[in-house]
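File shown: my_file35.txt. Contents: compact mmCIF, N, CA and C atoms.
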# COMPACT_ATOMS: atom_id res chain seq x y z
N MET A 125 192.39 -127.33 200.53
CA MET A 125 192.53 -127.53 201.96
C MET A 125 193.19 -128.89 202.20
N ASN A 126 194.15 -128.88 203.09
CA ASN A 126 194.86 -130.10 203.44
C ASN A 126 194.10 -130.84 204.54
N LYS A 127 193.52 -131.99 204.21
CA LYS A 127 192.71 -132.73 205.17
C LYS A 127 193.55 -133.38 206.27
N LYS A 128 194.86 -133.40 206.12
CA LYS A 128 195.72 -133.98 207.15
C LYS A 128 196.22 -132.93 208.14
N GLN A 129 195.86 -131.68 207.92
CA GLN A 129 196.29 -130.62 208.82
C GLN A 129 195.72 -130.88 210.22
N PRO A 130 196.56 -130.99 211.25
CA PRO A 130 196.08 -131.45 212.56
C PRO A 130 195.19 -130.46 213.31
N TYR A 131 195.23 -129.16 212.99
CA TYR A 131 194.48 -128.20 213.79
C TYR A 131 193.23 -127.68 213.10
N ASN A 132 192.82 -128.29 212.04
CA ASN A 132 191.55 -127.94 211.41
C ASN A 132 190.45 -128.56 212.25
N GLY A 133 189.49 -127.74 212.73
CA GLY A 133 188.47 -128.19 213.67
C GLY A 133 187.73 -129.44 213.25
N ARG A 134 187.53 -129.65 211.96
CA ARG A 134 186.80 -130.83 211.53
C ARG A 134 187.62 -132.11 211.67
N TYR A 135 188.91 -131.96 211.90
CA TYR A 135 189.77 -133.14 211.96
C TYR A 135 190.42 -133.33 213.32
N TRP A 136 190.01 -132.55 214.31
CA TRP A 136 190.52 -132.77 215.66
C TRP A 136 189.96 -134.07 216.18
N PRO A 137 190.71 -134.74 217.04
CA PRO A 137 190.14 -135.95 217.64
C PRO A 137 188.94 -135.56 218.49
N PRO A 138 187.87 -136.31 218.45
CA PRO A 138 186.69 -135.96 219.24
C PRO A 138 186.97 -136.08 220.73
N SER A 139 186.31 -135.27 221.51
CA SER A 139 186.43 -135.31 222.96
C SER A 139 185.08 -135.73 223.54
N PRO A 140 185.09 -136.56 224.56
CA PRO A 140 183.80 -136.97 225.14
C PRO A 140 183.13 -135.85 225.93
N TYR A 141 183.87 -134.81 226.33
CA TYR A 141 183.33 -133.73 227.16
C TYR A 141 183.80 -132.38 226.66
N CYS A 142 183.04 -131.34 226.99
CA CYS A 142 183.49 -129.98 226.71
C CYS A 142 184.42 -129.55 227.85
N TRP A 143 185.11 -128.44 227.65
CA TRP A 143 186.08 -127.93 228.60
C TRP A 143 185.45 -127.71 229.98
N SER A 144 184.26 -127.12 230.04
CA SER A 144 183.61 -126.84 231.32
C SER A 144 183.28 -128.12 232.08
N TRP A 145 182.87 -129.15 231.36
CA TRP A 145 182.56 -130.40 232.05
C TRP A 145 183.83 -131.06 232.57
N TRP A 146 184.92 -130.96 231.81
CA TRP A 146 186.20 -131.48 232.31
C TRP A 146 186.56 -130.82 233.64
N LEU A 147 186.37 -129.50 233.73
CA LEU A 147 186.69 -128.79 234.97
C LEU A 147 185.76 -129.20 236.11
N THR A 148 184.52 -129.48 235.79
CA THR A 148 183.54 -129.84 236.82
C THR A 148 183.81 -131.22 237.41
N ILE A 149 184.26 -132.17 236.59
CA ILE A 149 184.38 -133.55 237.05
C ILE A 149 185.79 -133.95 237.50
N LEU A 150 186.72 -133.01 237.60
CA LEU A 150 188.07 -133.36 238.05
C LEU A 150 188.00 -134.07 239.41
N LYS A 151 188.59 -135.22 239.48
CA LYS A 151 188.55 -136.01 240.72
C LYS A 151 189.27 -135.28 241.85
N ASP A 152 188.59 -135.13 242.97
CA ASP A 152 189.10 -134.46 244.16
C ASP A 152 189.45 -132.99 243.94
N LYS A 153 189.04 -132.41 242.81
CA LYS A 153 189.35 -131.01 242.51
C LYS A 153 188.21 -130.33 241.77
N GLY A 154 187.14 -131.01 241.47
CA GLY A 154 186.11 -130.49 240.59
C GLY A 154 185.46 -129.21 241.09
N ALA A 155 184.75 -128.58 240.21
CA ALA A 155 184.08 -127.32 240.52
C ALA A 155 182.63 -127.58 240.92
N ILE A 156 182.07 -126.67 241.69
CA ILE A 156 180.65 -126.72 242.02
C ILE A 156 179.85 -126.35 240.78
N ALA A 157 180.38 -125.43 240.00
CA ALA A 157 179.72 -125.01 238.76
C ALA A 157 180.76 -124.39 237.84
N THR A 158 180.51 -124.49 236.56
CA THR A 158 181.34 -123.82 235.55
C THR A 158 180.42 -123.24 234.49
N ILE A 159 180.90 -122.19 233.85
CA ILE A 159 180.18 -121.58 232.73
C ILE A 159 181.17 -121.51 231.58
N GLY A 160 180.76 -121.97 230.43
CA GLY A 160 181.65 -121.92 229.27
C GLY A 160 180.98 -122.48 228.04
N ASN A 161 181.75 -122.54 226.99
CA ASN A 161 181.24 -123.03 225.71
C ASN A 161 181.26 -124.55 225.67
N THR A 162 180.26 -125.12 225.03
CA THR A 162 180.24 -126.57 224.82
C THR A 162 180.88 -126.93 223.49
N ALA A 163 181.24 -125.94 222.72
CA ALA A 163 181.92 -126.14 221.43
C ALA A 163 182.88 -124.97 221.27
N ILE A 164 183.35 -124.76 220.07
CA ILE A 164 184.29 -123.67 219.83
C ILE A 164 183.56 -122.35 219.93
N GLY A 165 184.01 -121.48 220.83
CA GLY A 165 183.39 -120.17 220.98
C GLY A 165 183.83 -119.23 219.88
N TYR A 166 182.95 -118.34 219.50
CA TYR A 166 183.24 -117.37 218.44
C TYR A 166 183.59 -116.03 219.05
N GLU A 167 184.53 -115.34 218.42
CA GLU A 167 184.99 -114.04 218.87
C GLU A 167 185.14 -113.12 217.67
N TYR A 168 185.06 -111.81 217.92
CA TYR A 168 185.44 -110.83 216.91
C TYR A 168 186.90 -110.47 217.15
N PRO A 169 187.67 -110.22 216.09
CA PRO A 169 189.09 -109.94 216.26
C PRO A 169 189.38 -108.49 216.66
N GLY A 170 190.54 -108.30 217.23
CA GLY A 170 191.11 -106.98 217.48
C GLY A 170 190.23 -106.04 218.27
N VAL A 171 190.12 -104.81 217.78
CA VAL A 171 189.38 -103.77 218.50
C VAL A 171 187.90 -104.08 218.61
N PHE A 172 187.40 -105.03 217.87
CA PHE A 172 185.99 -105.40 217.91
C PHE A 172 185.71 -106.53 218.90
N CYS A 173 186.72 -106.96 219.65
CA CYS A 173 186.58 -108.16 220.48
C CYS A 173 185.45 -108.08 221.50
N LEU A 174 185.08 -106.89 221.96
CA LEU A 174 184.00 -106.75 222.94
C LEU A 174 182.67 -106.38 222.28
N SER A 175 182.61 -106.45 220.95
CA SER A 175 181.43 -106.00 220.20
C SER A 175 180.33 -107.04 220.11
N GLY A 176 180.54 -108.22 220.60
CA GLY A 176 179.53 -109.26 220.52
C GLY A 176 180.16 -110.62 220.72
N LEU A 177 179.34 -111.64 220.53
CA LEU A 177 179.77 -113.04 220.65
C LEU A 177 180.39 -113.28 222.03
N GLY A 178 181.38 -114.16 222.10
CA GLY A 178 181.97 -114.53 223.37
C GLY A 178 182.67 -113.38 224.08
N GLY A 179 183.24 -112.46 223.32
CA GLY A 179 183.93 -111.31 223.90
C GLY A 179 183.00 -110.34 224.60
N TRP A 180 181.72 -110.41 224.30
CA TRP A 180 180.73 -109.57 224.97
C TRP A 180 180.06 -110.32 226.11
N ILE A 181 179.74 -111.58 225.91
CA ILE A 181 178.92 -112.31 226.88
C ILE A 181 179.66 -112.60 228.18
N ARG A 182 180.94 -112.88 228.11
CA ARG A 182 181.69 -113.19 229.34
C ARG A 182 181.77 -111.98 230.27
N PRO A 183 182.20 -110.80 229.80
CA PRO A 183 182.21 -109.64 230.72
C PRO A 183 180.80 -109.27 231.21
N GLU A 184 179.79 -109.54 230.39
CA GLU A 184 178.41 -109.24 230.80
C GLU A 184 178.02 -110.05 232.03
N LEU A 185 178.49 -111.28 232.15
CA LEU A 185 178.21 -112.08 233.33
C LEU A 185 178.73 -111.37 234.58
N PHE A 186 179.95 -110.85 234.52
CA PHE A 186 180.53 -110.16 235.67
C PHE A 186 179.80 -108.85 235.95
N LYS A 187 179.31 -108.20 234.90
CA LYS A 187 178.49 -106.99 235.08
C LYS A 187 177.20 -107.34 235.82
N GLN A 188 176.57 -108.44 235.44
CA GLN A 188 175.33 -108.86 236.10
C GLN A 188 175.56 -109.17 237.58
N ILE A 189 176.72 -109.71 237.89
CA ILE A 189 177.04 -110.03 239.29
C ILE A 189 177.44 -108.77 240.06
N GLY A 190 178.40 -108.01 239.52
CA GLY A 190 178.96 -106.87 240.24
C GLY A 190 178.15 -105.60 240.20
N GLN A 191 177.57 -105.27 239.05
CA GLN A 191 176.84 -104.00 238.93
C GLN A 191 175.33 -104.16 239.06
N GLU A 192 174.79 -105.26 238.58
CA GLU A 192 173.35 -105.48 238.63
C GLU A 192 172.94 -106.29 239.86
N ASN A 193 173.92 -106.72 240.64
CA ASN A 193 173.72 -107.38 241.94
C ASN A 193 172.92 -108.68 241.88
N HIS A 194 173.11 -109.47 240.84
CA HIS A 194 172.52 -110.81 240.79
C HIS A 194 173.49 -111.74 241.51
N GLN A 195 173.15 -112.13 242.73
CA GLN A 195 174.06 -112.88 243.59
C GLN A 195 173.86 -114.39 243.53
N ILE A 196 172.87 -114.85 242.80
CA ILE A 196 172.66 -116.28 242.59
C ILE A 196 173.15 -116.60 241.19
N LEU A 197 174.03 -117.59 241.07
CA LEU A 197 174.68 -117.88 239.79
C LEU A 197 173.69 -118.10 238.65
N GLY A 198 172.64 -118.89 238.89
CA GLY A 198 171.65 -119.14 237.84
C GLY A 198 170.95 -117.88 237.39
N ASP A 199 170.65 -116.97 238.34
CA ASP A 199 170.02 -115.69 238.00
C ASP A 199 170.96 -114.83 237.16
N ALA A 200 172.22 -114.75 237.57
CA ALA A 200 173.21 -113.96 236.82
C ALA A 200 173.38 -114.52 235.41
N PHE A 201 173.44 -115.83 235.31
CA PHE A 201 173.58 -116.48 234.00
C PHE A 201 172.36 -116.17 233.12
N GLU A 202 171.17 -116.33 233.70
CA GLU A 202 169.93 -116.06 232.96
C GLU A 202 169.87 -114.62 232.48
N GLN A 203 170.19 -113.67 233.35
CA GLN A 203 170.14 -112.26 232.97
C GLN A 203 171.19 -111.93 231.91
N THR A 204 172.32 -112.62 231.94
CA THR A 204 173.34 -112.43 230.92
C THR A 204 172.82 -112.85 229.55
N ILE A 205 172.16 -113.99 229.48
CA ILE A 205 171.58 -114.46 228.21
C ILE A 205 170.49 -113.50 227.74
N ILE A 206 169.62 -113.07 228.66
CA ILE A 206 168.55 -112.13 228.30
C ILE A 206 169.16 -110.83 227.78
N SER A 207 170.18 -110.33 228.44
CA SER A 207 170.84 -109.10 228.02
C SER A 207 171.46 -109.25 226.63
N TYR A 208 172.07 -110.42 226.38
CA TYR A 208 172.66 -110.66 225.06
C TYR A 208 171.58 -110.62 223.98
N ILE A 209 170.47 -111.29 224.22
CA ILE A 209 169.37 -111.31 223.24
C ILE A 209 168.81 -109.90 223.05
N ASN A 210 168.64 -109.15 224.14
CA ASN A 210 168.11 -107.78 224.04
C ASN A 210 169.04 -106.86 223.27
N ASN A 211 170.35 -107.07 223.40
CA ASN A 211 171.32 -106.20 222.73
C ASN A 211 171.60 -106.60 221.29
N PHE A 212 171.54 -107.89 221.01
CA PHE A 212 171.96 -108.36 219.69
C PHE A 212 170.85 -109.07 218.92
N GLY A 213 169.71 -109.26 219.55
CA GLY A 213 168.62 -109.96 218.88
C GLY A 213 168.92 -111.43 218.71
N LYS A 214 168.13 -112.06 217.89
CA LYS A 214 168.34 -113.48 217.66
C LYS A 214 168.34 -113.81 216.18
N ASN A 215 168.69 -112.84 215.35
CA ASN A 215 168.72 -113.05 213.91
C ASN A 215 170.10 -113.37 213.37
N ASP A 216 171.13 -113.01 214.11
CA ASP A 216 172.51 -113.29 213.71
C ASP A 216 172.85 -114.72 214.12
N MET A 217 173.16 -115.57 213.16
CA MET A 217 173.37 -116.99 213.46
C MET A 217 174.56 -117.25 214.38
N LEU A 218 175.63 -116.45 214.28
CA LEU A 218 176.75 -116.62 215.20
C LEU A 218 176.35 -116.22 216.62
N GLY A 219 175.51 -115.20 216.74
CA GLY A 219 175.00 -114.80 218.04
C GLY A 219 174.11 -115.87 218.65
N VAL A 220 173.26 -116.47 217.82
CA VAL A 220 172.40 -117.57 218.29
C VAL A 220 173.27 -118.74 218.74
N LYS A 221 174.29 -119.05 217.96
CA LYS A 221 175.19 -120.15 218.32
C LYS A 221 175.93 -119.84 219.63
N THR A 222 176.29 -118.58 219.81
CA THR A 222 176.98 -118.18 221.04
C THR A 222 176.13 -118.47 222.26
N ILE A 223 174.85 -118.08 222.23
CA ILE A 223 174.02 -118.31 223.42
C ILE A 223 173.59 -119.77 223.56
N GLN A 224 173.54 -120.50 222.47
CA GLN A 224 173.22 -121.93 222.57
C GLN A 224 174.37 -122.73 223.16
N GLU A 225 175.59 -122.35 222.84
CA GLU A 225 176.76 -123.10 223.29
C GLU A 225 177.25 -122.68 224.66
N TRP A 226 176.83 -121.53 225.15
CA TRP A 226 177.34 -121.00 226.41
C TRP A 226 176.44 -121.51 227.52
N VAL A 227 176.93 -122.43 228.33
CA VAL A 227 176.07 -123.12 229.31
C VAL A 227 176.64 -123.04 230.72
N LEU A 228 175.73 -123.19 231.66
CA LEU A 228 176.07 -123.32 233.06
C LEU A 228 175.95 -124.79 233.42
N LEU A 229 177.03 -125.37 233.89
CA LEU A 229 177.03 -126.75 234.34
C LEU A 229 177.26 -126.76 235.85
N GLY A 230 176.43 -127.44 236.56
CA GLY A 230 176.59 -127.51 238.01
C GLY A 230 175.42 -126.87 238.72
N ASP A 231 175.68 -126.32 239.89
CA ASP A 231 174.63 -125.83 240.79
C ASP A 231 174.23 -124.39 240.48
N PRO A 232 173.06 -124.16 239.87
CA PRO A 232 172.63 -122.81 239.55
C PRO A 232 172.18 -122.02 240.80
N SER A 233 171.97 -122.71 241.92
CA SER A 233 171.53 -122.02 243.14
C SER A 233 172.71 -121.48 243.96
N LEU A 234 173.91 -121.63 243.44
CA LEU A 234 175.13 -121.17 244.13
C LEU A 234 175.06 -119.67 244.37
N ARG A 235 175.26 -119.28 245.61
CA ARG A 235 175.26 -117.85 245.95
C ARG A 235 176.66 -117.29 245.74
N ILE A 236 176.73 -116.16 245.07
CA ILE A 236 177.99 -115.49 244.81
C ILE A 236 178.09 -114.31 245.77
N SER A 237 179.19 -114.20 246.46
CA SER A 237 179.34 -113.12 247.43
C SER A 237 180.74 -112.57 247.34
N ASP A 238 180.88 -111.29 247.64
CA ASP A 238 182.20 -110.68 247.69
C ASP A 238 182.74 -110.65 249.13
N GLU A 239 182.00 -111.26 250.04
CA GLU A 239 182.43 -111.32 251.43
C GLU A 239 183.08 -112.65 251.75
N CYS A 240 184.12 -112.63 252.54
CA CYS A 240 184.74 -113.87 253.00
C CYS A 240 184.13 -114.25 254.34
N SER A 241 183.85 -115.52 254.51
CA SER A 241 183.26 -115.95 255.79
C SER A 241 184.34 -116.46 256.71
Please render this file's structure as structure tokens.
Amino acid sequence: MNKKQPYNGRYWPPSPYCWSWWLTILKDKGAIATIGNTAIGYEYPGVFCLSGLGGWIRPELFKQIGQENHQILGDAFEQTIISYINNFGKNDMLGVKTIQEWVLLGDPSLRISDECS
């Protein structure tokens, strides 16, 4: 392995914040809340992309909001994590890492609505 390779994760320059926090703290543009990985998210390749890990958990959040009618962001996030654990258990270390790294930053009491005021 070439230790000078610039895109090897162990040799990237460290960042003081994760991507979601960068989006939350943008001056005069920040978000009320963001959901995302605090580290490198894991995915399955190709046709298996929705079979677990990040490729499963992200669409599940929208399912919890749109189909399961969880209209409070913190509730939708919580039910997404519970659903992930119920579907995949907690014995797969990549699955455990997925739910540990996937966080809600900001206001969990935010109401989500499909209506415009």
Counting only C-alpha atoms, select every polymer residue within 10 Å of (178.9, -130.4, 226.7) as defined in the file's coordinates, and provide the selection as a tab-separated table (two decimals) with N, CA and C atoms, keeping the file's coordinate frame.
chain	number	residue	atom	x	y	z
A	139	SER	N	186.31	-135.27	221.51
A	139	SER	CA	186.43	-135.31	222.96
A	139	SER	C	185.08	-135.73	223.54
A	140	PRO	N	185.09	-136.56	224.56
A	140	PRO	CA	183.80	-136.97	225.14
A	140	PRO	C	183.13	-135.85	225.93
A	141	TYR	N	183.87	-134.81	226.33
A	141	TYR	CA	183.33	-133.73	227.16
A	141	TYR	C	183.80	-132.38	226.66
A	142	CYS	N	183.04	-131.34	226.99
A	142	CYS	CA	183.49	-129.98	226.71
A	142	CYS	C	184.42	-129.55	227.85
A	143	TRP	N	185.11	-128.44	227.65
A	143	TRP	CA	186.08	-127.93	228.60
A	143	TRP	C	185.45	-127.71	229.98
A	144	SER	N	184.26	-127.12	230.04
A	144	SER	CA	183.61	-126.84	231.32
A	144	SER	C	183.28	-128.12	232.08
A	145	TRP	N	182.87	-129.15	231.36
A	145	TRP	CA	182.56	-130.40	232.05
A	145	TRP	C	183.83	-131.06	232.57
A	146	TRP	N	184.92	-130.96	231.81
A	146	TRP	CA	186.20	-131.48	232.31
A	146	TRP	C	186.56	-130.82	233.64
A	160	GLY	N	180.76	-121.97	230.43
A	160	GLY	CA	181.65	-121.92	229.27
A	160	GLY	C	180.98	-122.48	228.04
A	161	ASN	N	181.75	-122.54	226.99
A	161	ASN	CA	181.24	-123.03	225.71
A	161	ASN	C	181.26	-124.55	225.67
A	162	THR	N	180.26	-125.12	225.03
A	162	THR	CA	180.24	-126.57	224.82
A	162	THR	C	180.88	-126.93	223.49
A	163	ALA	N	181.24	-125.94	222.72
A	163	ALA	CA	181.92	-126.14	221.43
A	163	ALA	C	182.88	-124.97	221.27
A	225	GLU	N	175.59	-122.35	222.84
A	225	GLU	CA	176.76	-123.10	223.29
A	225	GLU	C	177.25	-122.68	224.66
A	226	TRP	N	176.83	-121.53	225.15
A	226	TRP	CA	177.34	-121.00	226.41
A	226	TRP	C	176.44	-121.51	227.52
A	227	VAL	N	176.93	-122.43	228.33
A	227	VAL	CA	176.07	-123.12	229.31
A	227	VAL	C	176.64	-123.04	230.72
A	228	LEU	N	175.73	-123.19	231.66
A	228	LEU	CA	176.07	-123.32	233.06
A	228	LEU	C	175.95	-124.79	233.42
A	229	LEU	N	177.03	-125.37	233.89
A	229	LEU	CA	177.03	-126.75	234.34
A	229	LEU	C	177.26	-126.76	235.85
Please identify which residues in chain A DSSP calls strand (DSSP E) from the backbone, and express them as a PyMOL selection string. chain A and resi 157-161+226-230
May I ask which of the residues A:Pro232, A:Ser175, A:Ile164, A:Phe201 is the closest one to Ile189 of chain A, counting only N, CA and C atoms? A:Phe201
For a quick check of understanding, using only C-alpha atoms, which of A:Gly230, A:Arg235, A:Gly176, A:Leu218 has the smallest distance to Thr158 of chain A?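 Once distances to Thr158 of chain A are computed over only C-alpha atoms, the minimum belongs to A:Gly230.
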Coordinates-based distance that separates atom N of Lys187 of chain A from atom C of Asn215 of chain A (Å, one decimal):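 Atom N of Lys187 of chain A lies 24.0 Å from atom C of Asn215 of chain A.
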Between atom N of Leu234 of chain A and atom C of Leu147 of chain A, measure the distance and give it in Å to one decimal.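 One can read the atom N of Leu234 of chain A to atom C of Leu147 of chain A distance as 15.9 Å.
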Once DSSP has gone over the backbone, tell me which residues of segment 175-228 of chain A are in alpha helix (DSSP H), as JSON, numbers by chain. {"A": [177, 178, 179, 180, 181, 182, 183, 184, 185, 186, 187, 188, 189, 190, 197, 198, 199, 200, 201, 202, 203, 204, 205, 206, 207, 208, 209, 210, 211, 212, 217, 218, 219, 220, 221, 222, 223, 224, 225]}
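Here atom CA of Gln203 of chain A is placed at a distance of 22.9 Å from atom CA of Phe172 of chain A.
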Using only N, CA and C atoms, which of A:Leu174, A:Lys221, A:Ile236, A:Lys153 sits nearest His194 of chain A?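 That would be A:Ile236, the residue with the smallest distance to His194 of chain A.
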As lines of an AutoDock Vina configuration file, please: the centre and edge lengths in Å, to one decimal, of an axis-aligned box enclosing every listed atom of segment 151-163 of chain A with 5 Å added on each side.
center_x = 184.6
center_y = -128.8
center_z = 232.7
size_x = 19.7
size_y = 24.5
size_z = 32.9
Which residue of A:Asp199, A:Asp231, A:Ile181, A:Thr204 approaches Ile156 of chain A most closely, using all atoms listed in the file: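 Closest to Ile156 of chain A, using all atoms listed in the file: A:Asp231.
Counting all atoms listed in the file, the residue from A:Ser207, A:Gly219, A:Ser237, A:Ala157 that sits nearest to Gln195 of chain A is A:Ser237.
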